[in-house]
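S.K.: As input, take structure20.txt (compact mmCIF, C-alpha atoms):
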```txt
# COMPACT_ATOMS: atom_id res chain seq x y z
CA MET A 296 0.00 0.00 0.00
CA SER A 297 1.23 3.49 -0.82
CA ASP A 298 1.85 6.09 1.85
CA PRO A 299 -1.29 8.06 2.63
CA VAL A 300 -1.41 11.43 0.87
CA ARG A 301 -3.55 14.16 2.37
CA LEU A 302 -4.52 17.46 0.85
CA PRO A 303 -5.73 20.60 2.62
CA PRO A 304 -9.37 21.37 1.69
CA ASP A 305 -8.75 25.08 1.23
CA LEU A 306 -6.09 25.50 -1.46
CA PRO A 307 -6.61 28.77 -3.32
CA ASP A 308 -6.73 28.56 -7.10
CA ASP A 309 -3.26 30.07 -7.56
CA ARG A 310 -1.68 27.22 -5.58
CA LEU A 311 -4.05 24.47 -6.70
CA PRO A 312 -2.30 23.22 -9.86
CA ARG A 313 1.10 22.92 -8.16
CA VAL A 314 -0.01 21.34 -4.86
CA LEU A 315 -2.67 19.05 -6.34
CA GLY A 316 -0.29 18.19 -9.18
CA GLU A 317 2.35 17.04 -6.70
CA ALA A 318 -0.14 15.04 -4.62
CA LEU A 319 -1.48 13.31 -7.74
CA ALA A 320 1.87 12.86 -9.52
CA GLY A 321 1.62 10.01 -12.02
CA LEU A 322 -2.16 9.88 -11.73
CA TYR A 323 -3.25 12.33 -14.44
CA THR A 324 -2.60 13.25 -18.06
CA GLY A 325 -1.61 16.64 -19.46
CA GLU A 326 -0.35 19.66 -17.59
CA PRO A 327 -1.53 20.70 -14.13
CA ARG A 328 -3.84 23.66 -14.85
CA LEU A 329 -7.16 25.01 -13.70
CA PRO A 330 -10.29 23.85 -15.53
CA ALA A 331 -11.85 26.22 -18.09
CA ARG A 332 -14.83 26.61 -15.74
CA ALA A 333 -14.49 26.70 -11.95
CA GLY A 334 -15.88 23.74 -10.04
CA GLY A 335 -18.07 23.84 -6.94
CA ARG A 336 -21.66 24.52 -6.01
CA THR A 337 -21.09 28.26 -5.57
CA ALA A 338 -19.77 28.54 -9.14
CA GLY A 339 -22.57 26.26 -10.38
CA LEU A 340 -25.27 28.36 -8.70
CA ALA A 341 -23.79 31.54 -10.17
CA ALA A 342 -23.83 29.95 -13.63
CA LEU A 343 -27.42 28.80 -13.10
CA GLN A 344 -28.63 32.21 -11.94
CA ALA A 345 -26.89 33.92 -14.85
CA TRP A 346 -28.57 31.68 -17.40
CA THR A 347 -31.91 32.96 -18.66
CA GLY A 348 -32.39 30.43 -21.41
CA GLN A 349 -33.18 33.23 -23.86
CA GLY A 350 -32.59 31.99 -27.39
CA TYR A 351 -32.51 28.34 -26.35
CA ALA A 352 -34.55 27.56 -29.49
CA GLY A 353 -31.25 27.87 -31.36
CA ARG A 354 -29.62 25.24 -29.16
CA ASN A 355 -28.51 23.11 -32.10
CA PHE A 356 -26.29 25.92 -33.41
CA LEU A 357 -22.79 26.06 -31.94
CA GLY A 358 -23.41 29.72 -31.16
CA GLY A 359 -26.78 28.91 -29.53
CA ASN A 360 -27.49 29.77 -25.92
CA VAL A 361 -27.11 26.37 -24.25
CA SER A 362 -26.82 26.22 -20.47
CA ARG A 363 -23.29 24.77 -20.08
CA LEU A 364 -24.38 23.41 -16.68
CA SER A 365 -23.64 19.75 -17.48
CA MET A 366 -20.37 19.61 -15.50
CA TYR A 367 -22.14 20.88 -12.38
CA LEU A 368 -24.97 18.37 -12.77
CA ARG A 369 -22.53 15.53 -13.35
CA HIS A 370 -20.82 16.04 -9.99
CA GLY A 371 -23.96 16.84 -8.00
CA MET A 372 -22.86 20.47 -7.60
CA LEU A 373 -26.29 21.32 -8.99
CA GLY A 374 -29.34 19.07 -8.78
CA LEU A 375 -31.65 18.22 -11.67
CA ARG A 376 -34.64 19.43 -9.66
CA GLU A 377 -33.29 22.90 -8.97
CA VAL A 378 -32.19 23.34 -12.59
CA ALA A 379 -35.67 22.26 -13.71
CA ALA A 380 -37.27 24.66 -11.21
CA HIS A 381 -35.08 27.50 -12.49
CA ALA A 382 -36.07 26.73 -16.09
CA ARG A 383 -39.76 26.67 -15.17
CA ALA A 384 -39.37 30.08 -13.51
CA VAL A 385 -37.33 31.96 -16.11
CA MET A 386 -38.17 30.31 -19.43
CA ARG A 387 -41.39 30.35 -21.38
CA GLY A 388 -43.34 28.25 -23.86
CA ARG A 389 -41.66 25.85 -26.24
CA GLU A 390 -38.14 26.89 -25.26
CA ARG A 391 -38.85 25.97 -21.66
CA ASP A 392 -40.44 22.65 -22.60
CA GLU A 393 -37.56 21.77 -24.91
CA PHE A 394 -34.96 22.58 -22.26
CA LEU A 395 -36.79 20.43 -19.69
CA ARG A 396 -36.99 17.61 -22.22
CA GLN A 397 -33.24 17.81 -22.82
CA LEU A 398 -32.59 17.89 -19.07
CA THR A 399 -34.61 14.70 -18.74
CA TRP A 400 -32.03 12.84 -20.85
CA ALA A 401 -29.71 13.05 -17.82
CA GLU A 402 -32.32 11.37 -15.61
CA PHE A 403 -33.00 8.78 -18.33
CA TYR A 404 -29.34 7.86 -18.67
CA ARG A 405 -28.87 7.60 -14.89
CA LEU A 406 -31.84 5.24 -14.71
CA VAL A 407 -30.54 3.16 -17.60
CA LEU A 408 -27.24 2.85 -15.72
CA ARG A 409 -29.18 1.75 -12.62
CA GLN A 410 -31.03 -0.83 -14.73
CA GLU A 411 -28.08 -2.12 -16.77
CA GLY A 412 -25.06 -1.57 -14.49
CA ALA A 413 -21.67 -2.38 -16.04
CA ARG A 414 -23.41 -3.67 -19.18
CA VAL A 415 -23.56 -0.05 -20.43
CA LEU A 416 -19.79 -0.34 -21.03
CA GLY A 417 -20.41 -2.95 -23.74
CA ASN A 418 -22.81 -2.99 -26.69
CA LEU A 419 -26.33 -3.00 -25.25
CA GLU A 420 -27.66 -4.13 -28.63
CA ASP A 421 -26.17 -5.29 -31.92
CA PRO A 422 -25.20 -2.42 -34.23
CA LYS A 423 -27.84 -1.77 -36.88
CA TYR A 424 -25.37 -2.13 -39.74
CA PRO A 425 -22.56 -4.59 -40.49
CA ALA A 426 -19.94 -2.77 -38.41
CA ARG A 427 -16.31 -3.90 -38.20
CA TRP A 428 -14.84 -1.53 -35.68
CA VAL A 429 -11.21 -1.38 -34.54
CA GLY A 430 -10.55 -0.83 -30.86
CA THR A 431 -7.78 1.76 -30.95
CA LEU A 432 -8.10 5.51 -31.23
CA PRO A 433 -6.01 6.60 -34.26
CA ASP A 434 -3.07 8.88 -33.40
CA ASP A 435 -4.09 11.51 -35.95
CA VAL A 436 -7.45 11.86 -34.21
CA ARG A 437 -5.97 12.06 -30.71
CA GLU A 438 -3.39 14.61 -31.89
CA ALA A 439 -5.91 16.69 -33.86
CA ARG A 440 -4.08 16.32 -37.17
CA THR A 441 -6.62 14.50 -39.31
CA GLY A 442 -6.34 17.24 -41.93
CA LEU A 443 -10.03 18.04 -41.50
CA PRO A 444 -10.29 21.50 -39.88
CA CYS A 445 -13.64 20.66 -38.26
CA ALA A 446 -12.60 17.31 -36.76
CA ASP A 447 -9.31 18.74 -35.52
CA ALA A 448 -11.17 21.66 -33.93
CA TRP A 449 -13.52 19.28 -32.09
CA VAL A 450 -10.60 17.46 -30.47
CA THR A 451 -8.76 20.71 -29.71
CA HIS A 452 -11.90 22.11 -28.11
CA LEU A 453 -12.38 18.95 -26.04
CA VAL A 454 -8.84 18.99 -24.68
CA ARG A 455 -8.64 22.76 -24.13
CA ASP A 456 -12.02 23.37 -22.51
CA GLY A 457 -13.12 19.97 -21.22
CA TRP A 458 -16.46 20.74 -22.79
CA MET A 459 -18.07 20.45 -26.23
CA HIS A 460 -21.39 21.58 -27.60
CA ASN A 461 -23.72 18.60 -28.00
CA HIS A 462 -23.66 18.91 -31.78
CA GLU A 463 -19.84 18.78 -31.79
CA ARG A 464 -20.03 15.62 -29.67
CA LEU A 465 -22.44 14.01 -32.10
CA TRP A 466 -20.41 15.00 -35.16
CA PHE A 467 -17.17 13.80 -33.64
CA ALA A 468 -18.71 10.52 -32.49
CA ALA A 469 -20.22 9.86 -35.92
CA TYR A 470 -16.93 10.71 -37.64
CA LEU A 471 -14.95 8.40 -35.38
CA VAL A 472 -17.33 5.43 -35.39
CA HIS A 473 -18.84 5.51 -38.87
CA TRP A 474 -16.21 7.19 -41.04
CA ARG A 475 -13.08 5.93 -39.25
CA GLY A 476 -14.53 2.59 -38.15
CA VAL A 477 -13.38 2.96 -34.53
CA ASP A 478 -15.17 1.21 -31.68
CA TRP A 479 -17.24 3.72 -29.68
CA ARG A 480 -15.42 2.65 -26.50
CA ALA A 481 -12.22 4.34 -27.74
CA GLY A 482 -14.17 7.58 -28.14
CA TYR A 483 -15.81 7.07 -24.77
CA ALA A 484 -12.35 6.78 -23.17
CA LEU A 485 -11.15 10.00 -24.87
CA PHE A 486 -14.23 11.86 -23.61
CA ARG A 487 -13.83 10.37 -20.13
CA GLU A 488 -10.26 11.64 -20.07
CA HIS A 489 -11.17 15.24 -20.86
CA LEU A 490 -14.84 16.14 -20.41
CA LEU A 491 -15.56 17.96 -17.16
CA ASP A 492 -19.02 16.36 -17.36
CA GLY A 493 -17.68 12.92 -18.32
CA ASP A 494 -19.50 10.13 -16.51
CA ILE A 495 -20.43 6.55 -17.27
CA ALA A 496 -24.12 7.04 -17.97
CA ASN A 497 -24.25 10.07 -20.27
CA ASN A 498 -20.95 9.35 -21.93
CA ALA A 499 -21.27 5.63 -22.71
CA LEU A 500 -24.94 5.79 -23.60
CA SER A 501 -24.57 8.81 -25.89
CA TRP A 502 -21.79 7.01 -27.78
CA GLN A 503 -23.99 3.94 -28.03
CA TRP A 504 -26.84 6.10 -29.32
CA VAL A 505 -24.62 7.35 -32.16
CA ALA A 506 -23.13 3.90 -32.82
CA SER A 507 -26.64 2.34 -33.01
CA THR A 508 -26.04 -0.09 -30.15
CA PHE A 509 -28.57 1.84 -28.05
CA SER A 510 -30.79 3.26 -30.80
CA ASN A 511 -32.70 2.06 -33.83
CA LYS A 512 -30.31 3.53 -36.41
CA PRO A 513 -26.84 5.09 -36.49
CA TYR A 514 -26.60 8.87 -36.17
CA PHE A 515 -24.65 10.59 -38.94
CA MET A 516 -24.45 14.02 -40.54
CA ASN A 517 -23.30 15.56 -43.79
CA GLN A 518 -21.26 18.62 -44.67
CA GLU A 519 -24.36 20.74 -45.15
CA ASN A 520 -25.41 19.99 -41.58
CA ILE A 521 -21.99 20.87 -40.16
CA ASP A 522 -21.83 24.05 -42.25
CA ARG A 523 -25.29 25.17 -41.19
CA TYR A 524 -25.07 24.53 -37.46
CA SER A 525 -21.50 25.80 -37.12
CA GLY A 526 -22.36 29.00 -38.99
CA GLY A 527 -19.80 28.11 -41.64
CA ARG A 528 -17.03 28.17 -39.06
CA TRP A 529 -14.85 25.61 -40.86
CA CYS A 530 -16.44 24.94 -44.22
CA ARG A 531 -16.15 28.50 -45.51
CA THR A 532 -12.36 28.34 -45.75
CA CYS A 533 -11.86 24.56 -45.87
CA ARG A 534 -9.59 23.15 -48.59
CA ALA A 535 -9.63 19.54 -47.36
CA GLU A 536 -11.14 16.68 -49.30
CA CYS A 537 -14.39 16.57 -47.36
CA PRO A 538 -15.66 13.08 -46.47
CA PHE A 539 -18.98 14.56 -45.36
CA ARG A 540 -19.85 16.30 -48.64
CA ALA A 541 -22.64 14.13 -50.04
CA SER A 542 -26.36 13.64 -49.71
CA TYR A 543 -27.71 11.61 -46.81
CA GLY A 544 -28.73 8.88 -49.20
CA GLU A 545 -25.25 8.63 -50.70
CA LEU A 546 -23.62 8.60 -47.26
CA GLU A 547 -25.98 5.89 -46.03
CA THR A 548 -24.94 3.64 -48.87
CA GLN A 549 -21.26 4.48 -48.45
CA LEU A 550 -21.14 4.08 -44.63
CA PHE A 551 -23.68 1.40 -43.93
CA GLY A 552 -23.92 -0.54 -47.18
CA THR A 553 -27.65 -0.39 -47.28
CA GLN A 554 -30.26 1.84 -45.76
CA PRO A 555 -29.97 1.00 -42.05
CA MET B 560 -31.25 15.70 28.04
CA THR B 561 -30.63 14.30 24.59
CA ALA B 562 -29.38 10.81 23.88
CA PRO B 563 -25.69 10.55 23.01
CA GLN B 564 -25.24 10.72 19.24
CA VAL B 565 -23.85 7.80 17.31
CA ARG B 566 -20.43 8.68 15.94
CA ARG B 567 -20.76 9.11 12.20
CA VAL B 568 -18.57 9.89 9.20
CA VAL B 569 -19.58 10.78 5.64
CA TRP B 570 -18.08 9.51 2.38
CA ILE B 571 -18.17 12.13 -0.36
CA HIS B 572 -17.67 10.82 -3.91
CA GLY B 573 -17.56 12.37 -7.36
CA ASP B 574 -21.35 12.42 -7.77
CA SER B 575 -21.98 14.16 -4.46
CA LEU B 576 -19.82 17.28 -4.49
CA SER B 577 -22.29 19.66 -2.89
CA VAL B 578 -23.12 20.68 0.64
CA THR B 579 -26.73 19.80 -0.31
CA ASP B 580 -25.81 16.14 -0.89
CA PRO B 581 -28.31 13.97 1.03
CA ALA B 582 -25.66 12.18 3.13
CA LEU B 583 -23.92 15.44 4.02
CA SER B 584 -27.24 17.11 4.79
CA ALA B 585 -28.12 14.26 7.15
CA CYS B 586 -24.80 14.64 9.03
CA PRO B 587 -23.87 18.33 8.96
CA ASP B 588 -21.41 18.08 11.85
CA ALA B 589 -19.80 14.72 11.02
CA PRO B 590 -16.28 14.45 9.59
CA ALA B 591 -16.42 13.87 5.83
CA LEU B 592 -13.86 12.33 3.48
CA PHE B 593 -13.23 12.60 -0.25
CA VAL B 594 -10.66 10.22 -1.77
CA PHE B 595 -8.90 10.59 -5.10
CA ASP B 596 -9.02 6.94 -6.18
CA ARG B 597 -5.39 5.96 -6.79
CA PRO B 598 -5.97 2.48 -8.34
CA PHE B 599 -8.62 3.92 -10.68
CA LEU B 600 -6.42 6.85 -11.74
CA GLN B 601 -3.47 4.52 -12.27
CA ALA B 602 -5.55 2.44 -14.66
CA VAL B 603 -7.62 5.11 -16.43
CA PRO B 604 -6.24 8.28 -18.09
CA VAL B 605 -7.87 11.42 -16.66
CA ALA B 606 -6.71 14.92 -17.57
CA PHE B 607 -5.68 17.21 -14.72
CA PRO B 608 -8.45 19.84 -15.15
CA ARG B 609 -11.10 17.22 -14.38
CA LEU B 610 -9.40 16.43 -11.07
CA ALA B 611 -8.95 20.13 -10.28
CA PHE B 612 -12.67 20.66 -10.99
CA MET B 613 -13.53 17.97 -8.44
CA TYR B 614 -11.08 19.42 -5.94
CA GLN B 615 -12.83 22.79 -6.29
CA GLY B 616 -16.11 21.02 -5.61
CA VAL B 617 -14.83 19.51 -2.37
CA ARG B 618 -13.24 22.83 -1.35
CA ASP B 619 -16.55 24.61 -1.85
CA LEU B 620 -18.58 22.17 0.22
CA ALA B 621 -15.90 22.12 2.94
CA ALA B 622 -16.24 25.90 3.25
CA HIS B 623 -20.02 25.66 3.60
CA ARG B 624 -20.43 22.99 6.28
CA ALA B 625 -19.90 22.84 10.03
CA GLY B 626 -18.11 19.48 10.17
CA PRO B 627 -14.51 18.95 9.11
CA THR B 628 -13.78 17.78 5.56
CA GLU B 629 -10.68 15.81 4.55
CA ILE B 630 -9.19 15.00 1.15
CA ARG B 631 -6.89 12.01 0.64
CA VAL B 632 -5.29 10.12 -2.23
CA GLY B 633 -5.39 6.32 -2.03
CA SER B 634 -7.56 3.23 -2.21
CA VAL B 635 -11.12 4.35 -1.46
CA PRO B 636 -12.26 1.43 0.74
CA ASP B 637 -8.94 1.41 2.63
CA GLU B 638 -9.04 5.16 3.27
CA LEU B 639 -12.69 5.06 4.31
CA ALA B 640 -12.01 2.20 6.73
CA ALA B 641 -9.05 4.07 8.23
CA PHE B 642 -11.01 7.33 8.42
CA ALA B 643 -13.97 5.67 10.16
CA GLY B 644 -11.54 3.97 12.56
CA ALA B 645 -9.69 7.19 13.39
CA HIS B 646 -13.00 8.87 14.27
CA HIS B 647 -14.31 5.80 16.18
CA ALA B 648 -17.34 5.92 13.90
CA ALA B 649 -20.15 3.40 14.19
CA GLU B 650 -21.85 4.63 11.02
CA LEU B 651 -20.70 5.73 7.60
CA HIS B 652 -23.17 7.77 5.53
CA VAL B 653 -23.04 8.05 1.76
CA THR B 654 -25.36 8.94 -1.09
CA ARG B 655 -25.89 6.16 -3.61
CA ASN B 656 -24.70 6.43 -7.16
CA PHE B 657 -25.41 3.86 -9.82
CA THR B 658 -21.86 3.22 -11.01
CA PRO B 659 -20.40 -0.29 -10.77
CA ASP B 660 -17.54 1.20 -8.70
CA PHE B 661 -19.93 2.29 -5.97
CA ALA B 662 -21.08 -1.26 -5.27
CA ARG B 663 -17.47 -2.51 -5.42
CA ILE B 664 -16.30 0.08 -2.88
CA VAL B 665 -19.20 -0.55 -0.50
CA ASP B 666 -18.48 -4.30 -0.67
CA GLY B 667 -14.78 -3.65 0.00
CA LEU B 668 -15.59 -1.47 2.97
CA ARG B 669 -18.03 -4.02 4.40
CA ALA B 670 -15.32 -6.69 4.14
CA ALA B 671 -12.72 -4.45 5.80
CA ARG B 672 -15.03 -3.14 8.55
CA PRO B 673 -17.92 -5.55 9.17
CA ASP B 674 -18.74 -3.67 12.39
CA LEU B 675 -19.30 -0.37 10.56
CA ARG B 676 -22.94 0.36 9.71
CA ILE B 677 -23.19 1.77 6.20
CA ILE B 678 -26.17 4.08 5.72
CA ILE B 679 -26.93 4.68 2.03
CA HIS B 680 -29.00 7.77 1.21
CA GLU B 681 -30.90 7.87 -2.05
CA PRO B 682 -29.88 10.51 -4.60
CA GLU B 683 -32.28 13.20 -5.73
CA ARG B 684 -34.48 12.24 -8.67
CA LEU B 685 -36.12 14.41 -11.30
CA THR B 686 -39.02 12.01 -11.78
CA SER B 687 -40.81 9.34 -9.78
CA PHE B 688 -40.64 6.85 -12.66
CA ASP B 689 -39.65 3.40 -11.55
CA GLY B 690 -40.38 1.10 -14.47
CA PRO B 691 -38.20 -0.60 -17.08
CA LEU B 692 -36.50 1.57 -19.69
CA ARG B 693 -35.65 1.12 -23.32
CA ARG B 694 -35.80 4.29 -25.40
CA PHE B 695 -35.90 7.92 -24.34
CA PHE B 696 -39.04 8.67 -26.31
CA GLY B 697 -41.08 6.12 -24.40
CA PHE B 698 -39.64 7.35 -21.10
CA TRP B 699 -40.41 10.98 -21.98
CA LYS B 700 -44.03 10.17 -22.76
CA LYS B 701 -44.39 8.74 -19.26
CA VAL B 702 -42.65 11.56 -17.37
CA GLU B 703 -43.49 14.55 -19.58
CA ARG B 704 -46.25 16.00 -17.39
CA GLU B 705 -44.28 15.50 -14.23
CA VAL B 706 -41.16 17.20 -15.64
CA LEU B 707 -42.95 20.07 -17.32
CA HIS B 708 -45.14 20.92 -14.33
CA GLY B 709 -42.81 20.00 -11.49
CA GLU B 710 -45.01 17.50 -9.73
CA PRO B 711 -46.47 14.09 -10.52
CA ALA B 712 -49.86 14.33 -12.17
CA PRO B 713 -52.69 12.93 -10.00
CA ASP B 714 -53.40 10.23 -12.57
CA PHE B 715 -49.78 9.19 -12.61
CA PRO B 716 -49.31 6.60 -9.87
CA ARG B 717 -46.04 4.70 -9.59
CA ARG B 718 -48.12 1.54 -9.72
CA GLY B 719 -48.99 2.49 -13.29
CA HIS B 720 -45.36 2.39 -14.36
CA ARG B 721 -44.88 -1.14 -13.19
CA GLN B 722 -47.82 -2.25 -15.29
CA GLU B 723 -45.73 -1.27 -18.30
CA ARG B 724 -43.44 -4.24 -17.68
CA ARG B 725 -43.72 -6.74 -20.50
```
Starting from the coordinates I provided, produce the structure as structure tokens.
M.R.:
Amino acid sequence: MSDPVRLPPDLPDDRLPRVLGEALAGLYTGEPRLPARAGGRTAGLAALQAWTGQGYAGRNFLGGNVSRLSMYLRHGMLGLREVAAHARAVMRGRERDEFLRQLTWAEFYRLVLRQEGARVLGNLEDPKYPARWVGTLPDDVREARTGLPCADAWVTHLVRDGWMHNHERLWFAAYLVHWRGVDWRAGYALFREHLLDGDIANNALSWQWVASTFSNKPYFMNQENIDRYSGGRWCRTCRAECPFRASYGELETQLFGTQP
Amino acid sequence: MTAPQVRRVVWIHGDSLSVTDPALSACPDAPALFVFDRPFLQAVPVAFPRLAFMYQGVRDLAAHRAGPTEIRVGSVPDELAAFAGAHHAAELHVTRNFTPDFARIVDGLRAARPDLRIIIHEPERLTSFDGPLRRFFGFWKKVEREVLHGEPAPDFPRRGHRQERR
């Protein structure tokens, strides 16, 4: 057994990376640095109070006003009930209902984890297409040098901020599993390494939803979808040979052989 | 006169990093422990900012409660057993989470300290749904009214969910 290591519970942020880094030497990846958003219930409550939900209807756009509260919910720093109560108080109409519906995914995934236990870490169902996935994350993906500006930006964003917009998560997952033929568990492990909201339930089950091992069909997108919901962020200046530039019908045939 | 209180400690884990956590709320004055899980972190790559985020969560709850809060690095069941022993605790309180690790750690602690009573508090839920699950859409149809309005509808008994079982 190793010697016990104890940490004071009141390290200020300016000393945190050094002292915590020393205490956890050999037990983390990357450089010791503060997270892009501060942890703790006080920070979570401030983020909750500051969020009005205005413009949530545009939530699928990368520039849309999403709550960015997932990391606080994941660690119990905020509770689902108080976030729901806040939404009921400050939001109106369809935006409010849609936000509450999205929030309910977190409850759903927790309950699926309760029902399935460790089985969520393997395929819950057979994939809905003849998939032959490899288990290893390719180096060019991990190092954000695929040559695709969008895919490289998704990985860079993940590592830098420990957070991605839901649409970026879906695009990246679809790219990795369907275009690169990588087992969703390799993507799950990359997200677990970096996402401040990374947990078993949301993370594994969202990957399985994209991979079609916890859904009726695989999720995929095309270039038009990425261009639209990113506001042209990458496509406008992209010179890469785009693997996403095709109709949905053409991509279905190319990726899945037949219509899944 | 009040009866002497049972000596208690609280285990804080990564799903319970708030002073409002049910186990912490039940034992506001009891010593509490958070453990960075050394065997887990040796086996699984985790980037530093995630660990710092959790540290900040423990720091925040420590500043907002009456009882002392400790942070250690090590094997979770071993550290919990040692912590409970050092405080002569008869009870350890914790809030359940549904991860496979939770059950493993509780089993390890029971094996190490069979005399320690482990009190498991239930986590907060958004809905009262208790039936089997398959797809989100079906789940949403059952909980929609409860989520949108903040309370179970009168025609929405838990008994009804169980009848869904096929």
S.K.: Write out as a list of chain:residue names the residues lying within 7 Å of B:Asp596, counting all atoms listed in the file and excluding same-chain residues fewer than 2 positions away.
M.R.: B:Val594, B:Pro598, B:Phe599, B:Leu600, B:Val632, B:Gly633, B:Ser634, B:Val635
S.K.: Give the residues of chain B that lie within 6 Å of chain A; count all atoms listed in the file, and format the answer as a list in words.
M.R.: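 Putting it all together, I get Gly573, Asp574, Ser575, Leu576, Ser577, Leu600, Gln601, Pro604, Val605, Ala606, Phe607, Pro608, Arg609, Phe612, Gln615, Gly616, Arg618, Asp619, Ile630, Arg631, Val632, Phe657, Pro659 and Leu685 of chain B.
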S.K.: How many Å lie between atom CA of A:Arg437 and atom CA of A:Tyr543, rounded to one decimal?
M.R.: 27.1 Å
S.K.: May I ask which of the residues A:Val450, A:Gln503, A:Cys445, A:Pro513 is the closest one to A:Arg534, counting all atoms listed in the file?
M.R.: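 Ranking A:Val450, A:Gln503, A:Cys445, A:Pro513 by distance to A:Arg534, first place goes to A:Cys445.
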S.K.: Between atom CA of A:Tyr351 and atom CA of A:His462, what is the distance in Å, rounded to a tenth?
M.R.: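 Straight-line distance from atom CA of A:Tyr351 to atom CA of A:His462 works out to 14.0 Å.
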